[in-house]
Amino acid sequence: MPKSYSLVDFAKKRFRLAGKAYLEDGDPFFAPTDSLRQQAAAQGGHFVSFANYDYLGLSTHPQVKTAAATALETFGVGALASRLVGGERSTHQLFEKALAQFIGAEDALTLVSGYLTNVTTISHVMGSHDGLFIDELSHNSILSGAKSASGQTIVFRHNDLDHLDALLHEKRSGFRNVLIVAEGLYSMDGDIADLPRLIEIKKRHGAWLLIDEAHSIGVLGTEGRGLCEYFGVNPCDVDLIIGTLSKTLASCGGFVAGRGPVIEWLRYTLPGFVYSVGLSPVITAAAQTALHLMQQETWRIERLRWNADFFIELAHEAGLDTGPAIGRGVVPILFNDSHETLAASRHLMQKGYYVPPIIQIGVPKDQPRLRFFLSATHTEADIRGVIKLLARQAGESRATSHAQAAAPETLG
Ligand SMILES: Cc1ncc(COP(=O)(O)O)c(C=O)c1O
């Protein structure tokens with residue numbers, strides 16, 4: 001009989017394995033950002049966050065706040081039941097129509113979380129004779145969807161479409177339906193999939209394609225319509241577009257968009273929609289207003305692009321490693337090890353820049369990083385300031401390692 005544990009001992013053991021020791025010199029996570037911001041203002045300093053994916057800076061827009069407050073007064077807080085059986089507010093479908101139109105899909109359905117949208121959609125669509133082909137750097141919600149799906153999951157190397165093509169050649173005939181899943185803008189690396197090629201591959205192999213646009217709506221394309229606009233392809237060539245309301249759309253929730261009959265089927269059968277409460281009317285109103293503003297105040301998209309270009313340009317000038325990032329909303333700075341990453345994060349925090357370390361949790365152990373979310377609200381000074389600190393620190397650690405390498409000779 002294998003050894004069993006109390007849940008408390010099990011949790012302690014698991015947390016130790018997950019890297020609890022990294023927290024011993026101070027926990028860089030769960031920073032109390034509101035009080036840090038207040039403290040900084042009271043002391044005449046600054047607090048700049050690169051940790052939030054409010055890409056267009058709409059979460060505090062007066063019109064977004066007013067829309068939420070008005071919906072709160074009119075409808076109350078919650079949706080109070082699953083929309084299928086509890087009924088819906090007029091705003092639900094209006095928002096979904098606006099969202100679908102913006103993306104270029106025939107219809108869309110909103111759910112209470114972006115994470116849930118991936119899990120429930122992937123597992124619902126896949127049957128036991130089906131094959132799911134996912135990128136190795138897929139977001140955890142896609143991996144969870146794959147785990148819950150009854151078909152077989154096959155992983156292709158990150159953004160390596162030759163590998164995907166070869167795997168499909170080898171395995172396609174063994175499956176009934178095949179779903180390929182990729183992301184619009186990868187949230188840890190800031191790189192993108194070659195969508196035209198993905199579409200060509202999926203058509204040739206008779207597969208379906210799901211693109212998770214969580215980080216690309218509002219970020220990619222001149223009008224922020226995502227990966228399809230970026231590459232100038234017809235969104236109807238993508239079978240399922242998944243996204244979230246928690247990033248550019250400044251609130252919380254997820255959506256799935258696609259052809260009319262597909263979304264109609266999901267509206268009556270998707271477990272994460274049917275057996276879960278509808279989107280709060282407050283959130284719906286906030287997200288709808290953010291969607292509207294994004295189309296009105298297009299300077300925000302332009303500004304985000306400028307900021308991201310500027311960030312990556314300065315980072316490269318400073319010799320910092322930004323990995324494969326294309327220089328849009330997400331740019332990582334890669335470090336040699338987790339301790340160096342933690343030290344850099346703590347140093348930045350002391351100087352008023354919040355950039356939490358991404359170590360072990362979320363990325364492979366050997367690729368620790370500081371992950372920067374750029375926003376249209378960052379100023380040139382914010383970007384110069386943070387890169388200058390990082391460059392200085394990188395210079396110091398290079399000097400230390402050279403000195404260490406040289407030490408035996410000088411001492412000898
Ligand atoms: C690619 C991707 N998909 C889905 C999600 C889940 O979205 P949400 O946080 O809105 O639940 C995230 C979260 O950051 C993500 O990065």
# chains A, B, ... in the order shown; residues from 1 in each chain; ligands from 1

$ closest_atom_pairs --of "chain A" --to "ligand 1" --cutoff "6 Å" --atoms "only C-alpha atoms and all ligand atoms" --output "Markdown table"
| residue | atom | partner | partner_atom_place_in_ligand_line | distance |
| --- | --- | --- | --- | --- |
| A:Ser113 | CA | ligand 1 | 11 (O) | 4.5 |
| A:Gly114 | CA | ligand 1 | 11 (O) | 3.5 |
| A:Tyr115 | CA | ligand 1 | 6 (C) | 3.8 |
| A:His139 | CA | ligand 1 | 1 (C) | 5.0 |
| A:Ser141 | CA | ligand 1 | 4 (C) | 5.9 |
| A:Ser187 | CA | ligand 1 | 16 (O) | 5.1 |
| A:Asp212 | CA | ligand 1 | 1 (C) | 5.9 |
| A:Ala214 | CA | ligand 1 | 2 (C) | 5.0 |
| A:Thr244 | CA | ligand 1 | 10 (O) | 4.7 |
| A:Ser246 | CA | ligand 1 | 10 (O) | 4.6 |
| A:Cys252 | CA | ligand 1 | 10 (O) | 5.8 |
| A:Gly253 | CA | ligand 1 | 10 (O) | 5.5 |
| A:Gly254 | CA | ligand 1 | 10 (O) | 5.9 |

$ select_by_dssp --residues "range 7-184 of chain A" --states "alpha helix (DSSP H)" --output "ChimeraX atom specification"
/A:7-17,33-42,62-75,83-86,90-103,114-125,140-148,161-171

$ residues_around --residues "Lys65 in chain A" --least-positions-apart "3" --cutoff "12 Å" --atoms "only C-alpha atoms" --output "NGL selection string"
:A and (58-62 or 68-72 or 250-251 or 282-290)

$ select_by_dssp --residues "range 231-340 of chain A" --states "strand (DSSP E)" --output "compact mmCIF listing (two decimals) with C-alpha atoms, in the first residue's frame"
# COMPACT_ATOMS: atom_id res chain seq x y z
CA LEU A 240 -12.84 28.81 -32.81
CA ILE A 241 -11.48 32.08 -31.48
CA ILE A 242 -11.17 32.19 -27.71
CA GLY A 243 -10.44 35.30 -25.74
CA THR A 244 -10.73 36.92 -22.38
CA GLY A 254 -13.98 34.81 -21.37
CA PHE A 255 -15.55 34.32 -24.78
CA VAL A 256 -15.63 31.86 -27.61
CA ALA A 257 -16.43 33.07 -31.13
CA GLY A 258 -16.97 31.27 -34.43
CA VAL A 330 4.41 41.11 -23.71
CA VAL A 331 8.20 41.21 -23.55
CA PRO A 332 10.27 38.96 -21.27
CA ILE A 333 13.80 39.69 -20.08
CA LEU A 334 15.55 36.35 -19.66

$ residues_around --residues "Gly86 in chain A" --least-positions-apart "3" --cutoff "12 Å" --atoms "only C-alpha atoms" --output "JSON, numbers by chain"
{"A": [78, 79, 80, 81, 82, 83, 89, 274, 275, 276, 277, 278]}

$ residues_around --residues "Lys97 in chain A" --least-positions-apart "3" --cutoff "12 Å" --atoms "only C-alpha atoms" --output "CSV table (one decimal) with all heavy atoms, in the first residue's frame"
chain,number,residue,atom,x,y,z
A,90,SER,N,-30.6,42.1,-21.1
A,90,SER,CA,-30.5,42.5,-22.6
A,90,SER,C,-29.0,42.8,-23.0
A,90,SER,O,-28.6,42.6,-24.1
A,90,SER,CB,-31.3,43.8,-22.8
A,90,SER,OG,-31.0,44.7,-21.7
A,91,THR,N,-28.2,43.1,-22.0
A,91,THR,CA,-26.8,43.5,-22.3
A,91,THR,C,-26.0,42.2,-22.7
A,91,THR,O,-25.0,42.4,-23.5
A,91,THR,CB,-26.1,44.1,-21.1
A,91,THR,OG1,-26.3,43.3,-20.0
A,91,THR,CG2,-26.6,45.5,-20.8
A,92,HIS,N,-26.4,41.1,-22.3
A,92,HIS,CA,-25.6,39.9,-22.6
A,92,HIS,C,-25.4,39.7,-24.1
A,92,HIS,O,-24.3,39.6,-24.6
A,92,HIS,CB,-26.2,38.6,-22.0
A,92,HIS,CG,-25.9,38.5,-20.5
A,92,HIS,ND1,-26.9,38.2,-19.6
A,92,HIS,CD2,-24.7,38.6,-19.8
A,92,HIS,CE1,-26.3,38.2,-18.4
A,92,HIS,NE2,-25.0,38.4,-18.5
A,93,GLN,N,-26.6,39.6,-24.8
A,93,GLN,CA,-26.5,39.3,-26.2
A,93,GLN,C,-26.0,40.5,-27.0
A,93,GLN,O,-25.3,40.3,-28.0
A,93,GLN,CB,-27.8,38.8,-26.7
A,93,GLN,CG,-28.1,37.4,-26.2
A,93,GLN,CD,-29.0,36.6,-27.1
A,93,GLN,OE1,-29.2,36.9,-28.3
A,93,GLN,NE2,-29.7,35.6,-26.5
A,94,LEU,N,-26.3,41.7,-26.5
A,94,LEU,CA,-25.9,42.9,-27.3
A,94,LEU,C,-24.3,42.9,-27.3
A,94,LEU,O,-23.7,43.2,-28.3
A,94,LEU,CB,-26.4,44.2,-26.6
A,94,LEU,CG,-27.8,44.5,-26.8
A,94,LEU,CD1,-28.2,45.8,-26.0
A,94,LEU,CD2,-28.1,44.8,-28.3
A,100,ALA,N,-18.6,39.7,-31.5
A,100,ALA,CA,-18.4,38.9,-32.7
A,100,ALA,C,-18.1,39.8,-33.9
A,100,ALA,O,-17.3,39.5,-34.7
A,100,ALA,CB,-19.7,38.1,-32.9
A,101,GLN,N,-18.9,40.9,-34.0
A,101,GLN,CA,-18.7,41.8,-35.1
A,101,GLN,C,-17.2,42.4,-35.1
A,101,GLN,O,-16.6,42.5,-36.1
A,101,GLN,CB,-19.7,43.0,-35.0
A,101,GLN,CG,-19.8,43.7,-36.3
A,101,GLN,CD,-20.8,44.9,-36.2
A,101,GLN,OE1,-21.2,45.2,-35.1
A,101,GLN,NE2,-21.2,45.4,-37.3
A,102,PHE,N,-16.8,42.7,-33.9
A,102,PHE,CA,-15.4,43.3,-33.8
A,102,PHE,C,-14.4,42.3,-34.3
A,102,PHE,O,-13.4,42.6,-35.0
A,102,PHE,CB,-15.1,43.7,-32.4
A,102,PHE,CG,-13.7,44.2,-32.2
A,102,PHE,CD1,-13.4,45.5,-32.6
A,102,PHE,CD2,-12.8,43.4,-31.6
A,102,PHE,CE1,-12.1,46.0,-32.5
A,102,PHE,CE2,-11.5,43.9,-31.4
A,102,PHE,CZ,-11.1,45.2,-31.9
A,103,ILE,N,-14.5,41.0,-33.9
A,103,ILE,CA,-13.5,40.0,-34.2
A,103,ILE,C,-13.7,39.6,-35.7
A,103,ILE,O,-12.7,39.1,-36.3
A,103,ILE,CB,-13.7,38.8,-33.3
A,103,ILE,CG1,-13.3,39.2,-31.9
A,103,ILE,CG2,-13.0,37.6,-33.7
A,103,ILE,CD1,-13.8,38.3,-30.8
A,104,GLY,N,-14.9,39.7,-36.2
A,104,GLY,CA,-15.1,39.3,-37.6
A,104,GLY,C,-15.7,37.8,-37.6
A,104,GLY,O,-15.5,37.1,-38.6
A,105,ALA,N,-16.3,37.4,-36.5
A,105,ALA,CA,-16.9,36.1,-36.4
A,105,ALA,C,-18.4,36.2,-36.6
A,105,ALA,O,-18.9,37.4,-36.4
A,105,ALA,CB,-16.5,35.4,-35.1
A,106,GLU,N,-19.1,35.1,-36.8
A,106,GLU,CA,-20.5,35.2,-36.9
A,106,GLU,C,-21.3,35.4,-35.6
A,106,GLU,O,-22.3,36.0,-35.5
A,106,GLU,CB,-21.1,34.0,-37.7
A,106,GLU,CG,-20.7,34.0,-39.1
A,106,GLU,CD,-21.2,32.7,-39.9
A,106,GLU,OE1,-21.9,31.9,-39.3
A,106,GLU,OE2,-20.8,32.6,-41.0
A,107,ASP,N,-20.7,34.8,-34.5
A,107,ASP,CA,-21.4,34.9,-33.2
A,107,ASP,C,-20.4,34.7,-32.1
A,107,ASP,O,-19.2,34.2,-32.4
A,107,ASP,CB,-22.5,33.8,-33.2
A,107,ASP,CG,-23.6,34.2,-32.2
A,107,ASP,OD1,-23.4,35.2,-31.5
A,107,ASP,OD2,-24.6,33.4,-32.1
A,108,ALA,N,-20.7,35.0,-30.9
A,108,ALA,CA,-19.8,34.8,-29.8
A,108,ALA,C,-20.7,34.5,-28.5
A,108,ALA,O,-21.8,34.8,-28.4
A,108,ALA,CB,-19.0,36.0,-29.5
A,109,LEU,N,-20.0,33.8,-27.6
A,109,LEU,CA,-20.6,33.4,-26.3
A,109,LEU,C,-19.7,33.8,-25.2
A,109,LEU,O,-18.5,33.5,-25.3
A,109,LEU,CB,-20.9,31.9,-26.3
A,109,LEU,CG,-21.7,31.3,-25.2
A,109,LEU,CD1,-23.1,31.8,-25.3
A,109,LEU,CD2,-21.7,29.8,-25.3
A,110,THR,N,-20.2,34.5,-24.1
A,110,THR,CA,-19.3,34.9,-23.0
A,110,THR,C,-19.5,33.9,-21.8
A,110,THR,O,-20.6,33.4,-21.6
A,110,THR,CB,-19.7,36.3,-22.6
A,110,THR,OG1,-21.1,36.4,-22.3
A,110,THR,CG2,-19.3,37.3,-23.6
A,255,PHE,N,-14.6,34.5,-23.7
A,255,PHE,CA,-15.5,34.3,-24.8
A,255,PHE,C,-15.0,33.3,-25.8
A,255,PHE,O,-13.8,33.1,-25.9
A,255,PHE,CB,-15.9,35.7,-25.5
A,255,PHE,CG,-14.7,36.3,-26.2
A,255,PHE,CD1,-14.4,35.9,-27.5
A,255,PHE,CD2,-13.9,37.2,-25.6
A,255,PHE,CE1,-13.4,36.4,-28.2
A,255,PHE,CE2,-12.9,37.8,-26.3
A,255,PHE,CZ,-12.6,37.4,-27.6
A,256,VAL,N,-16.0,32.7,-26.5
A,256,VAL,CA,-15.6,31.9,-27.6
A,256,VAL,C,-16.4,32.4,-28.8
A,256,VAL,O,-17.6,32.6,-28.7
A,256,VAL,CB,-15.9,30.4,-27.3
A,256,VAL,CG1,-17.2,30.1,-26.7
A,256,VAL,CG2,-15.6,29.5,-28.5
A,257,ALA,N,-15.8,32.5,-29.9
A,257,ALA,CA,-16.4,33.1,-31.1
A,257,ALA,C,-16.2,32.1,-32.3
A,257,ALA,O,-15.2,31.4,-32.4
A,257,ALA,CB,-15.9,34.5,-31.4
A,258,GLY,N,-17.1,32.1,-33.2
A,258,GLY,CA,-17.0,31.3,-34.4
A,258,GLY,C,-18.2,31.4,-35.3
A,258,GLY,O,-18.9,32.4,-35.3
A,260,GLY,N,-22.0,30.8,-36.8
A,260,GLY,CA,-23.2,30.8,-36.1
A,260,GLY,C,-23.7,29.5,-35.6
A,260,GLY,O,-24.0,29.4,-34.4
A,263,ILE,N,-21.7,28.3,-32.5
A,263,ILE,CA,-21.9,29.0,-31.2
A,263,ILE,C,-23.3,28.7,-30.7
A,263,ILE,O,-23.6,28.6,-29.5
A,263,ILE,CB,-21.7,30.5,-31.4
A,263,ILE,CG1,-20.3,30.8,-31.9
A,263,ILE,CG2,-22.0,31.3,-30.1
A,263,ILE,CD1,-19.2,30.3,-31.0
A,288,GLN,N,-18.2,45.9,-22.4
A,288,GLN,CA,-18.7,46.4,-23.7
A,288,GLN,C,-18.3,47.8,-23.9
A,288,GLN,O,-18.0,48.2,-25.0
A,288,GLN,CB,-20.3,46.3,-23.6
A,288,GLN,CG,-20.9,46.8,-25.0
A,288,GLN,CD,-22.3,46.4,-25.2
A,288,GLN,OE1,-22.9,45.8,-24.2
A,288,GLN,NE2,-22.8,46.7,-26.3
A,291,LEU,N,-14.7,47.8,-25.1
A,291,LEU,CA,-14.7,47.4,-26.5
A,291,LEU,C,-15.0,48.6,-27.4
A,291,LEU,O,-14.4,48.8,-28.5
A,291,LEU,CB,-15.7,46.2,-26.7
A,291,LEU,CG,-15.8,45.7,-28.2
A,291,LEU,CD1,-14.5,45.0,-28.6
A,291,LEU,CD2,-17.0,44.7,-28.3
